[in-house]
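**Student:** Quick one: this structure, given as C-alpha cells, is what I'll be asking you about.
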Amino acid sequence: MNNIEKGEMLYEGKAKKVYRTNDRDKFIVEYKDDATAFNGEKKGTISNKGIVNNKMSAVIFQLLQDMEIENHYIEVLSDREMLVKSVEILPVEVIVRNIAAGSMAKRLGLQEGRKMKTPILEFCYKSDELGDPLINEYHIEALEWATKEEIKTIKDYTFRINEILSVYFLEKNLTLVDFKLEFGLHNGRVILADEVSPDTCRLWDATTGEKLDKDRFRRDLGNVEESYQEVLRRIKG
C-alpha cells in the first residue's frame, strides 16, 4: 500500500513482531521462523515458517472477510510481512476442538483422534508465565478482560469460523482437528486477529491421518518444514 512506512517495533512475541506505521490505524506484522512449544519450554527454528504462516494467514483472512467475518487483515506487503488494522488484543485465547488431541486428550484421558459429538470451545488466559490456564466466561467478565456482549460476539464468530474452515480445509483434503484464535478491539469493535496457520491449527491429512502441523515440531516427528510447505501448497492450489 502506498505511503506506508514501517516504524518502531511495538511488540515481539514467539512467532511475530508487530510494528507501528505512519498511519496510527495500521500495523505491520512480521512473521518469524522461531518455533516454540509447551509455553516456550521447547524452542527451535522451522525454516521458512514465517513465509508459510504469512501467506496462509492472508488466504484464510481474506476467505473469512468474504464470509463477513471481520478481521485485521489488509494486505500482504512481502513474503514475511502483512499490513493489518491496529488492534488491542484481548488477553484471552479461544480454542475450538473438533477431535480429541493434544492437551485436552491428555487432560481428560481421551484417545487421540476421538471425534467430538459437537465442537468444544475453550477459553484460556493468555499468559506464558502461567501456562495459559483454562478459564471460563465468568472469569473473563469478572476480571474485565471482555464484556458479556464481546464474549457473545467472540463465541458467535468462533463457531462460524469453525464451520467455514472445516469445510474449506476438507476441500483441501485436510481435517481441522482443533485451532486457536485471538480477538481484539478495533475502534471499539471485536474483530479476529493474530494468525491462522499450521502453528495455530491442528491439520491432519484427511486420507492418511498424517499430522501436517506444529505437532511435528512438538513431538519430534521430523519433516516439519515439508509439512508446513505441503499445507501451503494445498491452500494455494
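Lettering and numbering for the C-alpha cells are positional, with chains as A, B, ... in the shown order, residues counted from 1 in each chain, and ligands counted from 1 in the shown order.
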Tell me, as a ChimeraX atom specification, which residues lie within 12 Å of A:Leu192, counting only C-alpha atoms; anything in the same chain fewer than 3 positions away does not count.

**Tutor:** /A:57,60-62,64-65,68-73,84-90,93-94,150,153-158,160-161,180-186,189,195-196

**Student:** Write the selection just made, keeping C-alpha atoms, as a PDB file, in the first residue's frame?

**Tutor:**
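What ended up in result19.pdb:
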ATOM      1  CA  SER A  57      -2.954 -16.410   7.085  1.00  0.00           C
ATOM      2  CA  ILE A  60      -7.610 -17.533   5.303  1.00  0.00           C
ATOM      3  CA  PHE A  61      -8.247 -13.979   6.490  1.00  0.00           C
ATOM      4  CA  GLN A  62      -9.410 -12.991   3.002  1.00  0.00           C
ATOM      5  CA  LEU A  64     -13.192 -15.109   6.217  1.00  0.00           C
ATOM      6  CA  GLN A  65     -13.665 -11.488   5.166  1.00  0.00           C
ATOM      7  CA  GLU A  68     -18.373 -11.491   6.586  1.00  0.00           C
ATOM      8  CA  ILE A  69     -16.031 -12.390   9.449  1.00  0.00           C
ATOM      9  CA  GLU A  70     -14.322  -9.092  10.219  1.00  0.00           C
ATOM     10  CA  ASN A  71     -10.590  -9.399  10.878  1.00  0.00           C
ATOM     11  CA  HIS A  72      -7.458  -7.297  10.959  1.00  0.00           C
ATOM     12  CA  TYR A  73      -6.049  -8.283   7.543  1.00  0.00           C
ATOM     13  CA  VAL A  84      -3.171  -5.098   9.362  1.00  0.00           C
ATOM     14  CA  LYS A  85      -5.628  -2.891  11.204  1.00  0.00           C
ATOM     15  CA  SER A  86      -4.431  -1.697  14.590  1.00  0.00           C
ATOM     16  CA  VAL A  87      -5.922  -3.972  17.228  1.00  0.00           C
ATOM     17  CA  GLU A  88      -5.868  -4.052  21.021  1.00  0.00           C
ATOM     18  CA  ILE A  89      -5.565  -7.797  21.620  1.00  0.00           C
ATOM     19  CA  LEU A  90      -7.788  -9.204  24.356  1.00  0.00           C
ATOM     20  CA  GLU A  93      -7.210 -17.295  23.701  1.00  0.00           C
ATOM     21  CA  VAL A  94     -10.121 -19.176  22.175  1.00  0.00           C
ATOM     22  CA  GLU A 150     -17.955  -9.013  23.487  1.00  0.00           C
ATOM     23  CA  THR A 153     -19.548 -11.864  19.657  1.00  0.00           C
ATOM     24  CA  ILE A 154     -16.374 -13.906  20.111  1.00  0.00           C
ATOM     25  CA  LYS A 155     -18.348 -17.126  20.547  1.00  0.00           C
ATOM     26  CA  ASP A 156     -20.579 -16.431  17.558  1.00  0.00           C
ATOM     27  CA  TYR A 157     -17.586 -15.603  15.363  1.00  0.00           C
ATOM     28  CA  THR A 158     -15.660 -18.639  16.582  1.00  0.00           C
ATOM     29  CA  ARG A 160     -18.954 -19.635  12.437  1.00  0.00           C
ATOM     30  CA  ILE A 161     -15.218 -19.686  11.660  1.00  0.00           C
ATOM     31  CA  LYS A 180      -6.618 -21.357  18.430  1.00  0.00           C
ATOM     32  CA  LEU A 181      -7.946 -17.876  17.746  1.00  0.00           C
ATOM     33  CA  GLU A 182      -7.234 -14.455  19.192  1.00  0.00           C
ATOM     34  CA  PHE A 183      -9.524 -11.455  19.050  1.00  0.00           C
ATOM     35  CA  GLY A 184      -9.046  -7.781  19.708  1.00  0.00           C
ATOM     36  CA  LEU A 185     -10.744  -4.409  19.638  1.00  0.00           C
ATOM     37  CA  HIS A 186     -10.519  -2.143  16.605  1.00  0.00           C
ATOM     38  CA  ARG A 189     -15.426  -3.477  17.761  1.00  0.00           C
ATOM     39  CA  GLU A 195      -2.913 -15.692  12.519  1.00  0.00           C
ATOM     40  CA  VAL A 196      -4.390 -18.899  11.113  1.00  0.00           C
TER      41      VAL A 196
END

**Student:** Return as JSON, numbers by chain the full set of residues in chain A whose backbone-based DSSP assignment is strand (DSSP E or B).

**Tutor:** {"A": [6, 7, 8, 9, 10, 11, 12, 16, 17, 18, 19, 20, 21, 26, 27, 28, 29, 30, 31, 34, 35, 36, 37, 42, 43, 44, 45, 71, 73, 74, 75, 76, 81, 82, 83, 84, 85, 88, 89, 90, 91, 92, 93, 94, 95, 96, 97, 98, 99, 115, 116, 117, 118, 119, 120, 121, 122, 123, 124, 125, 134, 135, 174, 175, 176, 177, 178, 179, 180, 181, 182, 183, 184, 185, 186, 189, 190, 191, 192, 193, 201, 202, 203, 204, 205, 211]}

**Student:** Could you write those residues out with C-alpha atoms, as a compact mmCIF listing (two decimals), in the first residue's frame?

**Tutor:**
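Writing done, so here's selection.txt:
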# COMPACT_ATOMS: atom_id res chain seq x y z
CA LYS A 6 7.45 0.94 8.98
CA GLY A 7 8.02 2.50 12.38
CA GLU A 8 9.16 1.32 15.80
CA MET A 9 8.58 -2.23 16.98
CA LEU A 10 5.55 -2.28 19.23
CA TYR A 11 5.70 -5.91 20.33
CA GLU A 12 7.69 -9.10 19.77
CA LYS A 16 5.71 -12.48 15.20
CA LYS A 17 6.88 -8.90 15.51
CA VAL A 18 4.41 -6.02 15.34
CA TYR A 19 5.45 -2.55 14.14
CA ARG A 20 3.79 0.81 14.20
CA THR A 21 3.41 2.66 10.90
CA LYS A 26 -2.45 0.35 10.77
CA PHE A 27 0.31 -2.01 11.98
CA ILE A 28 2.79 -4.20 10.15
CA VAL A 29 3.10 -7.82 11.30
CA GLU A 30 6.35 -9.65 10.52
CA TYR A 31 6.28 -13.45 10.77
CA ASP A 34 11.22 -19.10 15.53
CA ALA A 35 9.29 -22.06 16.88
CA THR A 36 8.23 -22.71 20.46
CA ALA A 37 6.13 -25.32 22.19
CA LYS A 42 10.86 -26.02 23.81
CA LYS A 43 12.49 -23.68 21.32
CA GLY A 44 13.79 -24.06 17.79
CA THR A 45 13.57 -22.82 14.25
CA ASN A 71 -10.59 -9.40 10.88
CA TYR A 73 -6.05 -8.28 7.54
CA ILE A 74 -5.48 -5.57 4.92
CA GLU A 75 -2.84 -6.89 2.51
CA VAL A 76 0.45 -8.78 2.13
CA GLU A 81 5.08 -9.02 6.25
CA MET A 82 1.38 -8.22 6.39
CA LEU A 83 -0.38 -4.89 6.79
CA VAL A 84 -3.17 -5.10 9.36
CA LYS A 85 -5.63 -2.89 11.20
CA GLU A 88 -5.87 -4.05 21.02
CA ILE A 89 -5.56 -7.80 21.62
CA LEU A 90 -7.79 -9.20 24.36
CA PRO A 91 -5.88 -11.37 26.90
CA VAL A 92 -7.99 -14.41 26.05
CA GLU A 93 -7.21 -17.29 23.70
CA VAL A 94 -10.12 -19.18 22.17
CA ILE A 95 -9.70 -22.85 21.28
CA VAL A 96 -12.11 -24.93 19.23
CA ARG A 97 -11.79 -28.72 19.39
CA ASN A 98 -13.48 -30.97 16.84
CA ILE A 99 -11.38 -34.06 17.57
CA LYS A 115 -14.35 -37.16 17.21
CA MET A 116 -16.45 -34.88 19.37
CA LYS A 117 -20.25 -35.03 19.06
CA THR A 118 -20.26 -31.23 18.89
CA PRO A 119 -17.38 -28.72 18.71
CA ILE A 120 -15.93 -27.78 22.09
CA LEU A 121 -15.00 -24.17 22.82
CA GLU A 122 -12.40 -23.44 25.49
CA PHE A 123 -11.09 -20.13 26.82
CA CYS A 124 -7.54 -19.68 28.12
CA TYR A 125 -5.92 -16.72 29.84
CA LEU A 134 -8.16 -22.59 31.28
CA ILE A 135 -10.78 -20.01 32.25
CA LEU A 174 -7.23 -31.65 5.42
CA THR A 175 -9.09 -32.36 8.66
CA LEU A 176 -9.36 -29.42 11.04
CA VAL A 177 -8.76 -31.15 14.37
CA ASP A 178 -8.59 -28.04 16.56
CA PHE A 179 -7.34 -24.47 16.40
CA LYS A 180 -6.62 -21.36 18.43
CA LEU A 181 -7.95 -17.88 17.75
CA GLU A 182 -7.23 -14.45 19.19
CA PHE A 183 -9.52 -11.46 19.05
CA GLY A 184 -9.05 -7.78 19.71
CA LEU A 185 -10.74 -4.41 19.64
CA HIS A 186 -10.52 -2.14 16.61
CA ARG A 189 -15.43 -3.48 17.76
CA VAL A 190 -14.39 -7.08 18.31
CA ILE A 191 -12.51 -8.45 15.30
CA LEU A 192 -10.40 -11.53 14.61
CA ALA A 193 -6.63 -11.00 14.74
CA CYS A 201 -4.28 -25.22 13.76
CA ARG A 202 -4.00 -28.97 14.06
CA LEU A 203 -4.39 -30.19 10.49
CA TRP A 204 -4.31 -33.87 9.58
CA ASP A 205 -4.30 -35.36 6.12
CA LYS A 211 -0.06 -34.70 11.07

**Student:** Write out as a list in words all residues of stretch 148-202 of chain A that backbone DSSP assigns to alpha helix (DSSP H).

**Tutor:**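 Filtering stretch 148-202 of chain A down to alpha helix (DSSP H) leaves Lys148, Glu149, Glu150, Ile151, Lys152, Thr153, Ile154, Lys155, Asp156, Tyr157, Thr158, Phe159, Arg160, Ile161, Asn162, Glu163, Ile164, Leu165, Ser166, Val167, Tyr168, Phe169, Leu170 and Glu171 of chain A.
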
**Student:** Enter the distance from atom CA of A:Val231 to atom CA of A:Lys55, in Å, rounded to one decimal.

**Tutor:**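 These two atoms are separated by 11.0 Å.
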
**Student:** Between A:Lys172, A:Asn3, A:Val52, A:Gly109, which has the minimum distance to A:Ser227 (counting only C-alpha atoms)?

**Tutor:**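 The shortest atom-to-atom distance to A:Ser227 comes from A:Val52.
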
**Student:** With distances taken over only C-alpha atoms, which of A:Asn22, A:Gly50, A:Tyr168, A:Thr208 is nearest to A:Tyr228?

**Tutor:** A:Gly50

**Student:** Could you tell me which of A:Glu141, A:Lys152, A:Leu108, A:Phe38 comes closest to A:Asp215 if we count only C-alpha atoms?

**Tutor:** A:Phe38
